[in-house]
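Report on the following structure.
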Amino acid sequence: MSNPLFKEFPEVSSKEWKQKIQADLKGADYNETLIWKTNEGIHVKPFYHKDEFDQLPEISASKVTKFKICQTIFVAHVAKSNTKAIDACSRGAEALKFIIPNEEVSLEELIQNIDLEQIIIYFELQFLSPNYIRQIQNYASTRNSIYINTDIIGKLASTGNWFSNLNDDHNHVESSISNTKTLSINASLYQNAGATIIQQLGYALAHANEYLNHFSKSLDQDTKQKLKVVFNVSVGTNYFFEIAKLRSLRELWTSLALEYDVNPKCHIFVTPSKRNKTIYDYNTNMLRTTTECMSAILGGADTINNLGYDAIYHKDNEFSERIARNQLLILKHESYFNTVNNPADGTYYIESLTSQISEKALELFKDIEANGGFLKQLKEGTIQRKIKDSAAKEQAQFDKGELVLLGTNKHPNKEDVMQHELELFPFLKTNPVKTLIEPIIQKRLSNKMEINRLEDEKN
């Protein structure tokens, strides 16, 4: 077709759109009526227009069609875990995350008959061991599909203690990086504790910068260029903001990595948030995880590990895991999320959010570095205090009903009874131990409300 479509319609500028909207408002204030401010301090407008951009954004490097479907397996029994892994792969899993509790787990037995050329493997070690790292390195040396998720700073932030001590932990990580060329950043901790999106990104960047500061001079150039940095991220249900968050994370990491002359590409591993999951009307958790997985896909996640609808109160079970895996399979193969590499590119709203979030997160990062760095602020309690402030604000919004969790603080089913369904303790646990710093506490929004409902069930 040689003639352009709709040429008879003239272009309309953003100014003309705004004038038309103001006329339709019939005297109501445009800013107060249609512009809302988020907890991140971002003003969301009713429409976005290309003439608000000095130049159109560049095409992103993410490949949405390449995302992998992952399943997590806690290795309590090696043979059973291997059988479960093989079964998951036969049912659509393209990646496996093994949580390994101790050095007694046999790697050879755990991954036997798993096609390491096709399946990506993540090892989350709950201990530090140079010998075990070297065993993994024997498999990883010829493949780019094996990652080690050991984050000593994340361990300090979440528990208040190192694995051993600062020097020993850093020596272990340096050995791990040299052998496997992987580095893991647990950014999901901040989201699940109630941090804003800006804080999540700013803290994740400062968190990564601590490692780069410490290791950049000791690592050779080959290791720097081959370094695979994995950001473990949790996403919530703020759909477009979560898409922009992941896009911003890539941009921010590229900027930081270039300063240290390390690999500017990062690997993003996404899991839906636990903060907004509920035990009452638990099937709504499937709706939440579906939109969260959609955000992760469109945001450019490399690997997505869906969360079972009953994960917060049930032990691992075949039905829940199959449903969680099938949600991703439907999105990938039946909802056309595997056909376009970068569908969010050029979307004025998402591009604007990405830019604003990146700018604000970078400002926060610079402020942290100007005040001594991430570890220093953790030890002083500054990071913990700011996250608690953000979490308290969000909690107040939930308690007032301004932030809605359907089936919990909005339209609850009074007949829903859960006291005999709890296989796991879904609430905040208190275990008084001596710690070096105050840990960052992860807490669900519905925690208090659910405790009260369970008490009512007993009466």
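Ordering of the structure tokens sets the chain letters (A, B, ...); residue numbers start at 1 within each chain; ligands are numbered from 1 in the order shown.
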
Taking only C-alpha atoms into account, produce a table as CSV in which each residue of region 38-147 of chain A with an atom at most 9 Å from an atom of region 330-339 of chain A appears once, together with its shortest atom pair and the distance in Å to one decimal, ordered by chain and rising number.
residue,atom,partner,partner_atom,distance
A:Val64,CA,A:Asn338,CA,7.0
A:Thr65,CA,A:Asn338,CA,4.2
A:Lys66,CA,A:Asn338,CA,7.4
A:Phe67,CA,A:Asn338,CA,8.4
A:Ile69,CA,A:Lys332,CA,8.9

Residue neighbourhood Asn238 (chain A), 12 Å, only C-alpha atoms, exclusion window fewer than 6 positions, as a list in words: Thr38, Asn39, Glu40, Thr196, Ile197, Ala244, Lys245, Pro272, Ser273, Asn276, Arg288, Thr289, Thr291, Glu292, Cys293, Met294, Ser295, Ala296, Leu403 and Val404 of chain A

Selection file, all heavy atoms, as a short mmCIF file (atom, residue, chain, number, x, y, z; two decimals), in the first residue's frame:
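Output saved as selection02.cif:
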data_model
loop_
_atom_site.label_atom_id
_atom_site.label_comp_id
_atom_site.auth_asym_id
_atom_site.auth_seq_id
_atom_site.Cartn_x
_atom_site.Cartn_y
_atom_site.Cartn_z
N THR A 38 2.86 8.69 43.31
CA THR A 38 3.11 7.36 43.87
C THR A 38 4.00 7.47 45.11
O THR A 38 4.57 8.53 45.41
CB THR A 38 3.81 6.46 42.84
OG1 THR A 38 5.16 6.92 42.66
CG2 THR A 38 3.08 6.49 41.51
N ASN A 39 4.16 6.34 45.81
CA ASN A 39 5.05 6.30 46.96
C ASN A 39 6.50 6.53 46.57
O ASN A 39 7.34 6.86 47.41
CB ASN A 39 4.94 4.94 47.68
CG ASN A 39 3.61 4.79 48.40
OD1 ASN A 39 2.89 5.76 48.62
ND2 ASN A 39 3.29 3.56 48.78
N GLU A 40 6.79 6.34 45.28
CA GLU A 40 8.15 6.59 44.77
C GLU A 40 8.39 8.06 44.47
O GLU A 40 9.50 8.44 44.08
CB GLU A 40 8.40 5.77 43.50
CG GLU A 40 8.53 4.28 43.72
CD GLU A 40 7.19 3.58 43.89
OE1 GLU A 40 6.14 4.20 43.58
OE2 GLU A 40 7.19 2.42 44.34
N THR A 196 10.39 0.85 48.51
CA THR A 196 9.81 1.36 47.26
C THR A 196 10.65 0.87 46.09
O THR A 196 11.77 0.37 46.26
CB THR A 196 9.79 2.89 47.24
OG1 THR A 196 11.15 3.39 47.21
CG2 THR A 196 9.07 3.47 48.45
N ILE A 197 10.12 1.02 44.89
CA ILE A 197 10.85 0.61 43.69
C ILE A 197 12.16 1.38 43.57
O ILE A 197 13.20 0.81 43.21
CB ILE A 197 9.96 0.81 42.45
CG1 ILE A 197 8.92 -0.32 42.38
CG2 ILE A 197 10.79 0.85 41.17
CD1 ILE A 197 7.93 -0.18 41.25
N ALA A 244 8.89 -1.23 34.17
CA ALA A 244 9.90 -0.17 34.11
C ALA A 244 11.05 -0.44 35.08
O ALA A 244 12.20 -0.11 34.79
CB ALA A 244 9.24 1.18 34.43
N LYS A 245 10.74 -1.06 36.22
CA LYS A 245 11.79 -1.36 37.21
C LYS A 245 12.87 -2.26 36.62
O LYS A 245 14.07 -1.99 36.79
CB LYS A 245 11.17 -2.01 38.44
CG LYS A 245 12.18 -2.38 39.52
CD LYS A 245 11.50 -2.94 40.77
CE LYS A 245 11.16 -4.39 40.62
NZ LYS A 245 10.59 -4.96 41.87
N PRO A 272 7.85 -13.75 41.80
CA PRO A 272 6.79 -12.88 42.34
C PRO A 272 6.98 -12.61 43.83
O PRO A 272 7.51 -13.43 44.57
CB PRO A 272 5.52 -13.69 42.08
CG PRO A 272 5.84 -14.51 40.88
CD PRO A 272 7.28 -14.89 41.06
N SER A 273 6.55 -11.45 44.25
CA SER A 273 6.68 -11.03 45.64
C SER A 273 5.83 -11.89 46.58
O SER A 273 4.75 -12.37 46.20
CB SER A 273 6.23 -9.57 45.76
OG SER A 273 6.13 -9.17 47.10
N ASN A 276 2.56 -9.37 49.05
CA ASN A 276 1.13 -9.17 48.82
C ASN A 276 0.35 -10.48 48.74
O ASN A 276 -0.81 -10.48 48.34
CB ASN A 276 0.92 -8.37 47.53
CG ASN A 276 1.47 -9.10 46.31
OD1 ASN A 276 2.05 -10.17 46.42
ND2 ASN A 276 1.30 -8.50 45.14
N ARG A 288 -2.57 -12.67 41.11
CA ARG A 288 -1.45 -11.77 41.40
C ARG A 288 -0.18 -12.25 40.71
O ARG A 288 0.54 -11.46 40.08
CB ARG A 288 -1.25 -11.65 42.91
CG ARG A 288 -2.43 -11.02 43.62
CD ARG A 288 -2.26 -10.99 45.13
NE ARG A 288 -3.48 -10.50 45.76
CZ ARG A 288 -4.17 -11.14 46.69
NH1 ARG A 288 -3.74 -12.31 47.15
NH2 ARG A 288 -5.27 -10.63 47.19
N THR A 289 0.12 -13.54 40.85
CA THR A 289 1.36 -14.04 40.25
C THR A 289 1.31 -14.00 38.73
O THR A 289 2.36 -13.82 38.09
CB THR A 289 1.67 -15.48 40.71
OG1 THR A 289 0.55 -16.33 40.42
CG2 THR A 289 1.97 -15.53 42.20
N THR A 291 -0.14 -11.63 36.79
CA THR A 291 0.21 -10.27 36.34
C THR A 291 1.67 -9.95 36.68
O THR A 291 2.34 -9.25 35.92
CB THR A 291 -0.71 -9.21 36.97
OG1 THR A 291 -0.56 -9.21 38.39
CG2 THR A 291 -2.16 -9.48 36.62
N GLU A 292 2.16 -10.48 37.78
CA GLU A 292 3.56 -10.24 38.14
C GLU A 292 4.51 -10.91 37.15
O GLU A 292 5.53 -10.34 36.77
CB GLU A 292 3.80 -10.72 39.58
CG GLU A 292 3.13 -9.83 40.61
CD GLU A 292 2.96 -10.48 41.98
OE1 GLU A 292 3.27 -11.68 42.13
OE2 GLU A 292 2.51 -9.77 42.91
N CYS A 293 4.16 -12.12 36.74
CA CYS A 293 4.97 -12.81 35.73
C CYS A 293 4.91 -12.07 34.39
O CYS A 293 5.91 -12.00 33.66
CB CYS A 293 4.52 -14.25 35.56
SG CYS A 293 4.96 -15.33 36.94
N MET A 294 3.75 -11.52 34.06
CA MET A 294 3.64 -10.73 32.82
C MET A 294 4.54 -9.51 32.88
O MET A 294 5.23 -9.19 31.90
CB MET A 294 2.18 -10.31 32.61
CG MET A 294 1.27 -11.47 32.23
SD MET A 294 -0.50 -11.04 32.31
CE MET A 294 -0.62 -9.82 31.02
N SER A 295 4.57 -8.83 34.02
CA SER A 295 5.48 -7.69 34.18
C SER A 295 6.93 -8.12 34.01
O SER A 295 7.73 -7.43 33.38
CB SER A 295 5.30 -7.05 35.56
OG SER A 295 4.06 -6.41 35.68
N ALA A 296 7.26 -9.27 34.60
CA ALA A 296 8.63 -9.77 34.52
C ALA A 296 9.02 -10.06 33.08
O ALA A 296 10.13 -9.73 32.63
CB ALA A 296 8.78 -11.02 35.38
N LEU A 403 -4.84 0.62 49.72
CA LEU A 403 -4.14 -0.41 48.97
C LEU A 403 -4.92 -1.71 49.17
O LEU A 403 -5.06 -2.18 50.29
CB LEU A 403 -2.70 -0.54 49.48
CG LEU A 403 -1.70 -1.33 48.63
CD1 LEU A 403 -0.28 -0.97 49.03
CD2 LEU A 403 -1.89 -2.83 48.73
N VAL A 404 -5.44 -2.25 48.10
CA VAL A 404 -6.41 -3.35 48.19
C VAL A 404 -5.79 -4.70 47.89
O VAL A 404 -5.06 -4.86 46.90
CB VAL A 404 -7.59 -3.10 47.22
CG1 VAL A 404 -8.52 -4.30 47.18
CG2 VAL A 404 -8.36 -1.85 47.63
#

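You will find CA of Ser446 (chain A) at 29.3 Å from CA of Asn149 (chain A).
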
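Shortest separation to Ile153 (chain A) among A:Glu58, A:Trp253, A:Pro439, A:Thr271 occurs at residue A:Pro439, atoms counted being only C-alpha atoms.
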
Could you produce a table of the residues of region 288-392 of chain A lying within 9 Å of region 90-105 of chain A, with the nearest pair of atoms per residue and their separation in Å rounded to one decimal, using only C-alpha atoms, ordered by chain and increasing residue number, as JSON lines?
{"residue": "A:Thr303", "atom": "CA", "partner": "A:Ala95", "partner_atom": "CA", "distance": 7.6}
{"residue": "A:Ile304", "atom": "CA", "partner": "A:Ala95", "partner_atom": "CA", "distance": 8.9}
{"residue": "A:Asn305", "atom": "CA", "partner": "A:Lys97", "partner_atom": "CA", "distance": 8.6}
{"residue": "A:Arg322", "atom": "CA", "partner": "A:Arg91", "partner_atom": "CA", "distance": 8.3}
{"residue": "A:Arg325", "atom": "CA", "partner": "A:Ala93", "partner_atom": "CA", "distance": 7.2}
{"residue": "A:Asn326", "atom": "CA", "partner": "A:Gly92", "partner_atom": "CA", "distance": 8.0}
{"residue": "A:Leu329", "atom": "CA", "partner": "A:Gly92", "partner_atom": "CA", "distance": 7.1}

Go ahead and save the picked residues with N, CA and C atoms, as a compact mmCIF listing (two decimals), in the first residue's frame.
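Dumped everything to result18.txt:
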# COMPACT_ATOMS: atom_id res chain seq x y z
N THR A 303 15.11 -15.13 33.47
CA THR A 303 14.51 -16.35 34.02
C THR A 303 13.44 -15.96 35.01
N ILE A 304 12.31 -16.69 34.97
CA ILE A 304 11.21 -16.41 35.89
C ILE A 304 10.85 -17.69 36.63
N ASN A 305 10.85 -17.58 37.95
CA ASN A 305 10.46 -18.70 38.81
C ASN A 305 9.16 -18.32 39.49
N ARG A 322 2.82 -27.53 39.64
CA ARG A 322 2.37 -27.71 38.26
C ARG A 322 1.56 -26.49 37.80
N ARG A 325 3.97 -23.56 37.20
CA ARG A 325 4.73 -23.77 35.96
C ARG A 325 3.83 -23.56 34.75
N ASN A 326 2.59 -24.07 34.83
CA ASN A 326 1.67 -23.95 33.70
C ASN A 326 1.25 -22.50 33.44
N LEU A 329 3.89 -21.38 31.20
CA LEU A 329 3.79 -22.05 29.91
C LEU A 329 2.67 -21.44 29.06

Region 118-248 of chain A: residues DSSP assigns to strand (DSSP E or B), reported as a VMD selection string: chain A and resid 120 to 125 146 to 148 182 to 186 228 to 235
